[in-house]
file final34.pdb (PDB, C-alpha atoms)
ATOM      1  CA  MET A   1     120.362-194.346 140.150  1.00  0.00           C
ATOM      2  CA  GLU A   2     117.940-194.003 137.222  1.00  0.00           C
ATOM      3  CA  GLY A   3     119.700-196.851 135.429  1.00  0.00           C
ATOM      4  CA  LEU A   4     119.415-199.144 138.433  1.00  0.00           C
ATOM      5  CA  SER A   5     115.712-198.412 138.838  1.00  0.00           C
ATOM      6  CA  SER A   6     115.133-199.183 135.148  1.00  0.00           C
ATOM      7  CA  LEU A   7     117.100-202.433 135.482  1.00  0.00           C
ATOM      8  CA  PHE A   8     115.138-203.450 138.578  1.00  0.00           C
ATOM      9  CA  LEU A   9     111.838-202.565 136.893  1.00  0.00           C
ATOM     10  CA  GLY A  10     112.661-204.739 133.896  1.00  0.00           C
ATOM     11  CA  LEU A  11     113.870-207.586 136.108  1.00  0.00           C
ATOM     12  CA  ILE A  12     110.721-207.696 138.254  1.00  0.00           C
ATOM     13  CA  LEU A  13     108.326-207.409 135.304  1.00  0.00           C
ATOM     14  CA  SER A  14     110.072-210.113 133.269  1.00  0.00           C
ATOM     15  CA  PHE A  15     110.398-212.420 136.280  1.00  0.00           C
ATOM     16  CA  LEU A  16     106.668-212.185 137.023  1.00  0.00           C
ATOM     17  CA  GLY A  17     105.874-212.624 133.326  1.00  0.00           C
ATOM     18  CA  GLN A  18     107.723-215.953 133.273  1.00  0.00           C
ATOM     19  CA  LEU A  19     105.915-217.445 136.279  1.00  0.00           C
ATOM     20  CA  PRO A  20     102.640-218.494 134.562  1.00  0.00           C
ATOM     21  CA  LEU A  21     103.031-222.009 133.146  1.00  0.00           C
ATOM     22  CA  GLY A  22     103.899-221.981 129.441  1.00  0.00           C
ATOM     23  CA  SER A  23     105.720-223.939 126.757  1.00  0.00           C
ATOM     24  CA  MET A  24     109.081-222.268 127.350  1.00  0.00           C
ATOM     25  CA  SER A  25     108.975-222.728 131.125  1.00  0.00           C
ATOM     26  CA  MET A  26     107.840-226.340 130.734  1.00  0.00           C
ATOM     27  CA  THR A  27     110.697-227.001 128.320  1.00  0.00           C
ATOM     28  CA  ALA A  28     113.146-225.582 130.887  1.00  0.00           C
ATOM     29  CA  THR A  29     111.804-228.150 133.356  1.00  0.00           C
ATOM     30  CA  GLN A  30     112.136-230.975 130.834  1.00  0.00           C
ATOM     31  CA  ILE A  31     115.746-230.088 130.044  1.00  0.00           C
ATOM     32  CA  ALA A  32     116.610-229.963 133.751  1.00  0.00           C
ATOM     33  CA  VAL A  33     114.900-233.314 134.383  1.00  0.00           C
ATOM     34  CA  GLN A  34     115.935-235.274 131.277  1.00  0.00           C
ATOM     35  CA  GLU A  35     119.368-233.736 130.632  1.00  0.00           C
ATOM     36  CA  ASN A  36     121.122-231.484 133.141  1.00  0.00           C
ATOM     37  CA  PHE A  37     121.020-228.027 134.699  1.00  0.00           C
ATOM     38  CA  LYS A  38     123.929-226.734 132.592  1.00  0.00           C
ATOM     39  CA  LYS A  39     121.912-227.267 129.404  1.00  0.00           C
ATOM     40  CA  ALA A  40     118.843-225.793 131.090  1.00  0.00           C
ATOM     41  CA  TRP A  41     120.816-222.628 131.888  1.00  0.00           C
ATOM     42  CA  LYS A  42     122.014-222.446 128.264  1.00  0.00           C
ATOM     43  CA  TYR A  43     118.419-222.791 127.087  1.00  0.00           C
ATOM     44  CA  SER A  44     117.311-220.007 129.447  1.00  0.00           C
ATOM     45  CA  GLY A  45     120.073-217.755 128.137  1.00  0.00           C
ATOM     46  CA  GLY A  46     118.846-218.266 124.571  1.00  0.00           C
ATOM     47  CA  VAL A  47     115.264-217.451 125.558  1.00  0.00           C
ATOM     48  CA  ALA A  48     116.391-214.305 127.393  1.00  0.00           C
ATOM     49  CA  LEU A  49     118.577-213.073 124.521  1.00  0.00           C
ATOM     50  CA  VAL A  50     115.758-213.116 121.962  1.00  0.00           C
ATOM     51  CA  GLU A  51     113.337-211.558 124.431  1.00  0.00           C
ATOM     52  CA  MET A  52     115.818-208.722 124.977  1.00  0.00           C
ATOM     53  CA  VAL A  53     116.084-208.221 121.197  1.00  0.00           C
ATOM     54  CA  TYR A  54     112.288-208.114 120.899  1.00  0.00           C
ATOM     55  CA  LEU A  55     112.035-205.608 123.736  1.00  0.00           C
ATOM     56  CA  ARG A  56     114.756-203.358 122.318  1.00  0.00           C
ATOM     57  CA  PHE A  57     112.925-203.472 118.996  1.00  0.00           C
ATOM     58  CA  VAL A  58     109.730-202.415 120.772  1.00  0.00           C
ATOM     59  CA  LEU A  59     111.445-199.533 122.552  1.00  0.00           C
ATOM     60  CA  SER A  60     113.112-198.354 119.347  1.00  0.00           C
ATOM     61  CA  GLY A  61     110.111-198.145 117.061  1.00  0.00           C
ATOM     62  CA  LEU A  62     106.567-198.041 118.389  1.00  0.00           C
ATOM     63  CA  GLN A  63     105.487-195.920 115.403  1.00  0.00           C
ATOM     64  CA  TRP A  64     106.915-198.383 112.859  1.00  0.00           C
ATOM     65  CA  LYS A  65     105.068-201.257 114.507  1.00  0.00           C
ATOM     66  CA  MET A  66     101.780-199.358 114.310  1.00  0.00           C
ATOM     67  CA  GLU A  67     102.295-198.701 110.582  1.00  0.00           C
ATOM     68  CA  HIS A  68     103.240-202.330 109.835  1.00  0.00           C
ATOM     69  CA  HIS A  69     100.662-204.079 111.971  1.00  0.00           C
ATOM     70  CA  TRP A  70     100.014-206.687 109.248  1.00  0.00           C
ATOM     71  CA  VAL A  71     103.551-208.099 109.728  1.00  0.00           C
ATOM     72  CA  PHE A  72     102.768-209.076 113.302  1.00  0.00           C
ATOM     73  CA  ILE A  73      99.363-210.494 112.365  1.00  0.00           C
ATOM     74  CA  PHE A  74     101.090-212.733 109.801  1.00  0.00           C
ATOM     75  CA  ILE A  75     103.720-213.862 112.323  1.00  0.00           C
ATOM     76  CA  ASN A  76     101.022-214.588 114.902  1.00  0.00           C
ATOM     77  CA  TRP A  77      99.099-216.858 112.500  1.00  0.00           C
ATOM     78  CA  ILE A  78     102.308-218.756 111.731  1.00  0.00           C
ATOM     79  CA  THR A  79     102.786-219.180 115.465  1.00  0.00           C
ATOM     80  CA  VAL A  80      99.251-220.599 115.818  1.00  0.00           C
ATOM     81  CA  VAL A  81     100.055-223.283 113.228  1.00  0.00           C
ATOM     82  CA  PHE A  82     103.430-223.937 114.879  1.00  0.00           C
ATOM     83  CA  PHE A  83     101.838-224.420 118.320  1.00  0.00           C
ATOM     84  CA  PHE A  84      99.111-226.711 116.981  1.00  0.00           C
ATOM     85  CA  VAL A  85     101.653-228.891 115.161  1.00  0.00           C
ATOM     86  CA  LEU A  86     103.865-229.142 118.235  1.00  0.00           C
ATOM     87  CA  GLY A  87     100.821-229.923 120.394  1.00  0.00           C
ATOM     88  CA  VAL A  88      99.738-232.783 118.126  1.00  0.00           C
ATOM     89  CA  LEU A  89     103.298-234.127 117.847  1.00  0.00           C
ATOM     90  CA  SER A  90     103.688-233.988 121.637  1.00  0.00           C
ATOM     91  CA  PHE A  91     100.577-236.160 122.099  1.00  0.00           C
ATOM     92  CA  ILE A  92     101.721-238.593 119.399  1.00  0.00           C
ATOM     93  CA  THR A  93     105.160-238.834 120.990  1.00  0.00           C
ATOM     94  CA  ALA A  94     103.612-239.378 124.417  1.00  0.00           C
ATOM     95  CA  GLN A  95     101.575-242.308 123.101  1.00  0.00           C
ATOM     96  CA  ARG A  96     104.493-243.973 121.360  1.00  0.00           C
ATOM     97  CA  GLN A  97     107.410-243.297 123.685  1.00  0.00           C
ATOM     98  CA  ASP A  98     108.826-245.477 126.409  1.00  0.00           C
ATOM     99  CA  LYS A  99     109.674-244.191 129.862  1.00  0.00           C
ATOM    100  CA  THR A 100     113.284-243.291 129.053  1.00  0.00           C
ATOM    101  CA  ARG A 101     112.908-241.523 125.709  1.00  0.00           C
ATOM    102  CA  LYS A 102     113.401-237.767 125.680  1.00  0.00           C
ATOM    103  CA  ALA A 103     110.636-235.242 125.125  1.00  0.00           C
ATOM    104  CA  LEU A 104     109.733-234.214 121.562  1.00  0.00           C
ATOM    105  CA  LEU A 105     111.640-230.908 121.578  1.00  0.00           C
ATOM    106  CA  LEU A 106     114.703-232.477 123.207  1.00  0.00           C
ATOM    107  CA  ASN A 107     115.053-235.498 120.949  1.00  0.00           C
ATOM    108  CA  ASN A 108     117.728-233.803 118.808  1.00  0.00           C
ATOM    109  CA  ASN A 109     121.345-232.597 118.897  1.00  0.00           C
ATOM    110  CA  LEU A 110     120.513-228.885 118.677  1.00  0.00           C
ATOM    111  CA  ASP A 111     122.502-226.825 121.171  1.00  0.00           C
ATOM    112  CA  ARG A 112     120.116-225.869 123.980  1.00  0.00           C
ATOM    113  CA  PHE A 113     121.085-222.198 123.713  1.00  0.00           C
ATOM    114  CA  PHE A 114     119.835-222.162 120.105  1.00  0.00           C
ATOM    115  CA  LEU A 115     116.764-224.171 121.114  1.00  0.00           C
ATOM    116  CA  GLY A 116     115.937-221.417 123.592  1.00  0.00           C
ATOM    117  CA  MET A 117     116.473-218.759 120.939  1.00  0.00           C
ATOM    118  CA  SER A 118     114.240-220.622 118.471  1.00  0.00           C
ATOM    119  CA  MET A 119     111.372-221.087 120.917  1.00  0.00           C
ATOM    120  CA  SER A 120     111.567-217.487 122.078  1.00  0.00           C
ATOM    121  CA  ALA A 121     111.634-216.231 118.477  1.00  0.00           C
ATOM    122  CA  MET A 122     108.468-218.232 117.726  1.00  0.00           C
ATOM    123  CA  ASN A 123     106.621-216.515 120.550  1.00  0.00           C
ATOM    124  CA  PRO A 124     105.629-213.085 119.145  1.00  0.00           C
ATOM    125  CA  ALA A 125     102.977-212.765 121.860  1.00  0.00           C
ATOM    126  CA  GLN A 126     105.693-211.168 123.969  1.00  0.00           C
ATOM    127  CA  ILE A 127     105.785-208.189 121.577  1.00  0.00           C
ATOM    128  CA  PRO A 128     102.328-206.808 122.535  1.00  0.00           C
ATOM    129  CA  PHE A 129     103.188-207.636 126.174  1.00  0.00           C
ATOM    130  CA  TRP A 130     106.238-205.378 126.044  1.00  0.00           C
ATOM    131  CA  ILE A 131     104.457-202.702 123.994  1.00  0.00           C
ATOM    132  CA  ILE A 132     101.702-202.418 126.615  1.00  0.00           C
ATOM    133  CA  TRP A 133     103.961-202.452 129.663  1.00  0.00           C
ATOM    134  CA  SER A 134     106.666-200.205 128.188  1.00  0.00           C
ATOM    135  CA  ASP A 135     104.083-197.612 127.220  1.00  0.00           C
ATOM    136  CA  TYR A 136     102.451-197.925 130.655  1.00  0.00           C
ATOM    137  CA  PHE A 137     105.737-197.401 132.516  1.00  0.00           C
ATOM    138  CA  LEU A 138     106.691-194.486 130.256  1.00  0.00           C
ATOM    139  CA  ASN A 139     103.335-192.798 130.932  1.00  0.00           C
ATOM    140  CA  LEU A 140     103.774-193.303 134.674  1.00  0.00           C
ATOM    141  CA  GLY A 141     107.269-191.858 134.512  1.00  0.00           C
ATOM    142  CA  TRP A 142     108.805-195.012 136.010  1.00  0.00           C
ATOM    143  CA  LEU A 143     110.730-195.653 132.805  1.00  0.00           C
ATOM    144  CA  LYS A 144     112.496-192.615 131.413  1.00  0.00           C
ATOM    145  CA  PRO A 145     112.925-192.253 127.642  1.00  0.00           C
ATOM    146  CA  GLY A 146     116.576-192.417 126.723  1.00  0.00           C
ATOM    147  CA  PHE A 147     119.266-194.717 125.369  1.00  0.00           C
ATOM    148  CA  ALA A 148     120.833-195.613 128.737  1.00  0.00           C
ATOM    149  CA  SER A 149     117.506-196.077 130.529  1.00  0.00           C
ATOM    150  CA  PHE A 150     116.166-198.340 127.774  1.00  0.00           C
ATOM    151  CA  ASN A 151     119.355-200.404 127.796  1.00  0.00           C
ATOM    152  CA  PHE A 152     119.205-200.942 131.566  1.00  0.00           C
ATOM    153  CA  PHE A 153     115.523-201.856 131.312  1.00  0.00           C
ATOM    154  CA  THR A 154     116.301-204.369 128.554  1.00  0.00           C
ATOM    155  CA  LEU A 155     119.196-205.864 130.526  1.00  0.00           C
ATOM    156  CA  GLY A 156     116.943-206.226 133.547  1.00  0.00           C
ATOM    157  CA  THR A 157     114.380-208.167 131.523  1.00  0.00           C
ATOM    158  CA  GLY A 158     117.104-210.603 130.501  1.00  0.00           C
ATOM    159  CA  PHE A 159     117.990-211.277 134.132  1.00  0.00           C
ATOM    160  CA  GLY A 160     114.308-211.521 135.041  1.00  0.00           C
ATOM    161  CA  THR A 161     113.594-214.050 132.294  1.00  0.00           C
ATOM    162  CA  ILE A 162     116.455-216.291 133.410  1.00  0.00           C
ATOM    163  CA  ALA A 163     115.397-215.957 137.059  1.00  0.00           C
ATOM    164  CA  GLY A 164     111.806-216.883 136.186  1.00  0.00           C
ATOM    165  CA  LEU A 165     112.863-219.919 134.168  1.00  0.00           C
ATOM    166  CA  SER A 166     115.195-221.023 136.977  1.00  0.00           C
ATOM    167  CA  VAL A 167     112.104-221.422 139.172  1.00  0.00           C
ATOM    168  CA  TYR A 168     110.854-224.047 136.710  1.00  0.00           C
ATOM    169  CA  MET A 169     114.296-225.582 136.289  1.00  0.00           C
ATOM    170  CA  TYR A 170     114.817-226.271 139.988  1.00  0.00           C
ATOM    171  CA  GLY A 171     111.252-226.243 141.289  1.00  0.00           C
ATOM    172  CA  GLY A 172     110.017-228.345 138.382  1.00  0.00           C
ATOM    173  CA  ASN A 173     112.860-230.821 138.764  1.00  0.00           C
ATOM    174  CA  TRP A 174     112.068-231.191 142.465  1.00  0.00           C
ATOM    175  CA  LEU A 175     108.338-231.615 141.799  1.00  0.00           C
ATOM    176  CA  VAL A 176     108.835-234.168 139.019  1.00  0.00           C
ATOM    177  CA  SER A 177     111.236-236.171 141.187  1.00  0.00           C
ATOM    178  CA  LYS A 178     108.873-235.988 144.147  1.00  0.00           C
ATOM    179  CA  MET A 179     105.861-237.118 142.125  1.00  0.00           C
ATOM    180  CA  LYS A 180     107.888-239.564 139.991  1.00  0.00           C
ATOM    181  CA  THR A 181     106.321-238.082 136.846  1.00  0.00           C
ATOM    182  CA  SER A 182     107.146-239.980 133.643  1.00  0.00           C
ATOM    183  CA  ASN A 183     108.439-238.445 130.389  1.00  0.00           C
ATOM    184  CA  GLN A 184     105.177-239.558 128.797  1.00  0.00           C
ATOM    185  CA  THR A 185     103.172-237.426 131.237  1.00  0.00           C
ATOM    186  CA  LEU A 186     105.473-234.441 130.685  1.00  0.00           C
ATOM    187  CA  ASN A 187     104.907-234.713 126.939  1.00  0.00           C
ATOM    188  CA  LYS A 188     101.143-234.792 127.432  1.00  0.00           C
ATOM    189  CA  ILE A 189     101.312-231.707 129.649  1.00  0.00           C
ATOM    190  CA  LEU A 190     103.439-229.891 127.055  1.00  0.00           C
ATOM    191  CA  GLY A 191     100.966-230.918 124.324  1.00  0.00           C
ATOM    192  CA  ILE A 192      98.104-229.416 126.303  1.00  0.00           C
ATOM    193  CA  ILE A 193     100.090-226.215 126.862  1.00  0.00           C
ATOM    194  CA  PHE A 194     100.815-225.860 123.130  1.00  0.00           C
ATOM    195  CA  MET A 195      97.142-226.420 122.252  1.00  0.00           C
ATOM    196  CA  VAL A 196      95.945-223.898 124.844  1.00  0.00           C
ATOM    197  CA  ALA A 197      98.553-221.381 123.652  1.00  0.00           C
ATOM    198  CA  ALA A 198      97.330-221.779 120.064  1.00  0.00           C
ATOM    199  CA  VAL A 199      93.682-221.244 121.083  1.00  0.00           C
ATOM    200  CA  ILE A 200      94.590-218.161 123.117  1.00  0.00           C
ATOM    201  CA  GLN A 201      96.567-216.797 120.168  1.00  0.00           C
ATOM    202  CA  ILE A 202      93.583-217.306 117.831  1.00  0.00           C
ATOM    203  CA  PHE A 203      91.289-215.566 120.323  1.00  0.00           C
ATOM    204  CA  ARG A 204      93.666-212.585 120.499  1.00  0.00           C
ATOM    205  CA  LEU A 205      93.878-212.338 116.720  1.00  0.00           C
ATOM    206  CA  LEU A 206      90.131-212.495 116.213  1.00  0.00           C
ATOM    207  CA  HIS A 207      89.463-209.907 118.903  1.00  0.00           C
ATOM    208  CA  ALA A 208      92.366-207.570 118.181  1.00  0.00           C
TER     209      ALA A 208
END
call {"tool": "encode", "arguments": {"input": "final34.pdb", "output": "structure tokens"}}
result
Amino acid sequence: MEGLSSLFLGLILSFLGQLPLGSMSMTATQIAVQENFKKAWKYSGGVALVEMVYLRFVLSGLQWKMEHHWVFIFINWITVVFFFVLGVLSFITAQRQDKTRKALLLNNNLDRFFLGMSMSAMNPAQIPFWIIWSDYFLNLGWLKPGFASFNFFTLGTGFGTIAGLSVYMYGGNWLVSKMKTSNQTLNKILGIIFMVAAVIQIFRLLHA
């Protein structure tokens, strides 16, 4: 019973965490629209796998992370540069592309599962998210410390991440089809999202 409650807790939290519009959710929509749902599911699986690894890392060593805070600051600054570059490239691609060309991140032969893993790995902002919520749930007693409980919680977050991205896969595909949105517009939207994400990341770093 404790394991199921931990799994459900992780599922709900991760699902809700995926609902705000972001680069990973927008990419899930683009894959569903410009390629197919099978590849979108593979992408979502890659995102979920890395998020589960990050979470398990958080649950396994809160003390280590406090002692090596500079590592995460360094990774966050790299992410800022990465988001800015992708934002600029998305706008450039939007200006140059025709209506049928794929989005910037999809214009390659990389397996979509590994694309999901790569994008999730370059999003260290999820680490403080899981640190805060894991500590909060532990203090409330909703999440019990222990190997089995942590594993169920981690597994639940994987399911929740995929469920949240599926909302963008199917809902986004329906909305794009309904509004007849062009690939050029999708690239512009993704460019804006990357730029906003970079600014938010800078704000967090400067006010940490």
call {"tool": "residues_around", "arguments": {"input": "final34.pdb", "residues": "range 167-175 of chain A", "least_positions_apart": "3", "cutoff": "9 Å", "atoms": "all atoms listed in the file", "output": "ChimeraX atom specification"}}
result
/A:19,21,25-33,37,40-41,162-164,178-181
call {"tool": "atom_distance", "arguments": {"input": "final34.pdb", "atom1": "CA of Phe159 in chain A", "atom2": "CA of Met195 in chain A"}}
result
28.4 Å
call {"tool": "resolve_selection", "arguments": {"input": "final34.pdb", "expression": "the PyMOL selection byres ((chain A and resi 153) around 8)", "output": "list of chain:residue names"}}
result
A:Gly3, A:Ser6, A:Leu7, A:Phe8, A:Leu9, A:Gly10, A:Leu11, A:Leu143, A:Ser149, A:Phe150, A:Asn151, A:Phe152, A:Thr154, A:Leu155, A:Gly156, A:Thr157
call {"tool": "axis_aligned_box", "arguments": {"input": "final34.pdb", "around": "range 160-173 of chain A", "padding_each_side": "8 Å", "output": "lines of an AutoDock Vina configuration file"}}
result
center_x = 113.2
center_y = -221.2
center_z = 136.8
size_x = 22.4
size_y = 35.3
size_z = 25.0
call {"tool": "closest_residue", "arguments": {"input": "final34.pdb", "among": "A:Gln34, A:Ser14, A:Ser5, A:Asn109", "to": "Trp133 in chain A", "atoms": "only C-alpha atoms"}}
result
A:Ser14
call {"tool": "atom_distance", "arguments": {"input": "final34.pdb", "atom1": "CA of Phe74 in chain A", "atom2": "CA of Val50 in chain A"}}
result
19.1 Å
call {"tool": "closest_residue", "arguments": {"input": "final34.pdb", "among": "A:Leu49, A:Leu59, A:Val80, A:Ile12", "to": "Gln201 in chain A", "atoms": "only C-alpha atoms"}}
result
A:Val80
call {"tool": "resolve_selection", "arguments": {"input": "final34.pdb", "expression": "the PyMOL selection byres ((chain A and resi 43) around 6)", "output": "list in words"}}
result
Ala40, Trp41, Lys42, Ser44, Gly45, Gly46, Arg112, Phe113 and Gly116 of chain A
